[in-house]
Amino acid sequence: MDIKPVDRTIRNLLESGFYKIPRFQRPYSWEKTHVEDFWDDAITSEDPDYFIGSFVIFPESNDSDTFMIVDGQQRLTTITLLLAAIRNALHAVGYGELAKGIQKRIETEDIDNKLQYILQSETSYPYLQEHIQKYGQAELPGTAGSEEIALKAAYELLTSKVDSVVDAVDSDASIAKAKKNTAKRSKLQAIRDRVIGVRPRFPALKHDKPIN
């Protein structure tokens, strides 16, 4: 096989296809310290060139727009959780169209014009899909396995981080009441732009034969 490094942003990644977490990969297991470090490095740091690390992916088959994740699934899952938290915050402060824009980086149409989640995982189904990626009320109950517990904890932590940014606007006396919602929108857009602008490197594995 050939290894070809590709330098992209997270936005490029999310607009380039769908990503499956193979069953042989370990389940989502980031703890509070990992999520805190991610938030500090990717969002609150003043470094404009934060590098999230290398991702390793390979196409599911020849000419496929679906890629299997060999390395980087913990990071990509956490990014998805953060985008969902930003989406919900924008919706809560009345910016539904901006929330829908973020949802398009979580869920989009495939070549058959069917909606698919960009990050696809079987091991955490239906919790990840119904309780985090879905824009709206969950219709299926979530199980309570170790992976679901880790996902829930990380999602709630990131949600609290995003909500604290919104709450800071409310408590800022220097911002006129009439301008607070606009300020909240700007703050949330800034977080969104930071996370989708993060630059990973992708040594995509190119196989001579399709992987079925």
# chains A, B, ... in the order shown; residues from 1 in each chain; ligands from 1

$ select_by_dssp --residues "chain A" --states "strand (DSSP E or B)" --output "number ranges by chain"
A: 2-7, 18-21, 51-54, 56-59, 66-71, 107-109, 115-117, 119-121, 199-206

$ closest_atom_pairs --of "region 18-62 of chain A" --to "region 175-191 of chain A" --cutoff "10 Å" --atoms "only C-alpha atoms" --output "CSV"
residue,atom,partner,partner_atom,distance
A:Trp39,CA,A:Ile191,CA,9.9
A:Ala42,CA,A:Ile191,CA,9.2
A:Ile43,CA,A:Ile191,CA,6.3
A:Thr44,CA,A:Ile191,CA,8.7

$ closest_residue --among "A:Glu97, A:Asp163, A:Glu139, A:Glu147" --to "Pro27 (chain A)" --atoms "only C-alpha atoms"
A:Glu147

$ select_by_dssp --residues "region 2-211 of chain A" --states "alpha helix (DSSP H)" --output "PyMOL selection string"
chain A and resi 10-14+32-39+73-92+96-103+127-128+146-170+180-197

$ residues_around --residues "Asp40 (chain A)" --least-positions-apart "2" --cutoff "12 Å" --atoms "only C-alpha atoms" --output "PyMOL selection string"
chain A and resi 33-38+42-47+50+52+158+161+191+194-195

$ residues_around --residues "Gly53 (chain A)" --least-positions-apart "3" --cutoff "12 Å" --atoms "only C-alpha atoms" --output "PyMOL selection string"
chain A and resi 7-10+38+41-42+49-50+56+71-76+198-203

$ residues_around --residues "Leu14 (chain A)" --least-positions-apart "5" --cutoff "8 Å" --atoms "only C-alpha atoms" --output "ChimeraX atom specification"
/A:105-106,118

$ residues_around --residues "Glu122 (chain A)" --least-positions-apart "5" --cutoff "12 Å" --atoms "only C-alpha atoms" --output "number ranges by chain"
A: 19-28, 117, 127-129, 147-148

$ atom_distance --atom1 "CA of Pro126 (chain A)" --atom2 "CA of Gly142 (chain A)"
6.0 Å

$ decode --residues "region 17-95 of chain A" --atoms "C-alpha atoms" --output "CSV table (one decimal), in the first residue's frame"
chain,number,residue,atom,x,y,z
A,17,GLY,CA,-17.1,12.2,2.5
A,18,PHE,CA,-18.4,9.9,5.2
A,19,TYR,CA,-16.3,8.2,7.9
A,20,LYS,CA,-16.9,4.8,9.5
A,21,ILE,CA,-15.4,3.6,12.7
A,22,PRO,CA,-14.6,-0.1,12.2
A,23,ARG,CA,-15.7,-2.6,14.8
A,24,PHE,CA,-12.1,-3.5,15.6
A,25,GLN,CA,-11.4,0.0,16.8
A,26,ARG,CA,-11.6,0.6,20.5
A,27,PRO,CA,-14.8,2.3,21.7
A,28,TYR,CA,-14.9,6.0,22.5
A,29,SER,CA,-13.0,6.3,25.8
A,30,TRP,CA,-11.9,10.0,26.3
A,31,GLU,CA,-12.1,11.1,29.9
A,32,LYS,CA,-12.6,14.6,31.3
A,33,THR,CA,-8.9,15.5,31.1
A,34,HIS,CA,-8.7,14.6,27.4
A,35,VAL,CA,-11.8,16.7,26.6
A,36,GLU,CA,-10.5,19.6,28.7
A,37,ASP,CA,-7.2,19.5,26.9
A,38,PHE,CA,-8.9,19.4,23.5
A,39,TRP,CA,-11.1,22.5,24.4
A,40,ASP,CA,-8.1,24.4,25.8
A,41,ASP,CA,-5.9,23.6,22.8
A,42,ALA,CA,-8.4,23.8,19.9
A,43,ILE,CA,-10.7,26.5,21.2
A,44,THR,CA,-9.3,28.8,23.9
A,45,SER,CA,-5.7,28.8,22.8
A,46,GLU,CA,-4.4,31.8,21.0
A,47,ASP,CA,-2.3,29.7,18.7
A,48,PRO,CA,-3.9,30.2,15.2
A,49,ASP,CA,-2.1,27.1,13.8
A,50,TYR,CA,-3.2,24.4,16.3
A,51,PHE,CA,-2.4,21.0,14.9
A,52,ILE,CA,-4.7,18.2,16.1
A,53,GLY,CA,-2.5,15.4,15.0
A,54,SER,CA,-2.6,12.8,12.2
A,55,PHE,CA,-5.6,10.9,11.1
A,56,VAL,CA,-5.2,7.6,9.2
A,57,ILE,CA,-8.1,6.6,6.9
A,58,PHE,CA,-8.6,4.4,3.9
A,59,PRO,CA,-11.4,4.1,1.3
A,60,GLU,CA,-14.1,1.5,2.0
A,61,SER,CA,-13.9,0.5,-1.7
A,62,ASN,CA,-12.6,2.0,-5.0
A,63,ASP,CA,-14.1,5.3,-5.8
A,64,SER,CA,-16.0,5.3,-2.5
A,65,ASP,CA,-16.8,8.5,-0.6
A,66,THR,CA,-16.8,6.5,2.6
A,67,PHE,CA,-13.6,6.1,4.5
A,68,MET,CA,-12.7,3.7,7.3
A,69,ILE,CA,-10.9,5.4,10.3
A,70,VAL,CA,-7.7,3.6,11.4
A,71,ASP,CA,-6.5,6.3,13.7
A,72,GLY,CA,-8.2,9.5,14.9
A,73,GLN,CA,-11.7,8.3,15.8
A,74,GLN,CA,-11.5,9.6,19.4
A,75,ARG,CA,-10.7,13.1,18.0
A,76,LEU,CA,-13.2,13.1,15.2
A,77,THR,CA,-15.9,11.9,17.6
A,78,THR,CA,-15.1,14.7,20.0
A,79,ILE,CA,-15.2,17.2,17.2
A,80,THR,CA,-18.7,15.9,16.3
A,81,LEU,CA,-19.8,16.2,19.9
A,82,LEU,CA,-18.6,19.8,20.0
A,83,LEU,CA,-20.3,20.7,16.8
A,84,ALA,CA,-23.6,19.2,18.1
A,85,ALA,CA,-23.2,21.3,21.3
A,86,ILE,CA,-22.7,24.5,19.3
A,87,ARG,CA,-25.7,23.6,17.1
A,88,ASN,CA,-27.9,23.3,20.1
A,89,ALA,CA,-26.7,26.5,21.6
A,90,LEU,CA,-27.3,28.4,18.4
A,91,HIS,CA,-30.8,26.9,18.2
A,92,ALA,CA,-31.5,27.9,21.9
A,93,VAL,CA,-30.6,31.6,21.3
A,94,GLY,CA,-32.8,31.8,18.2
A,95,TYR,CA,-30.4,31.2,15.3
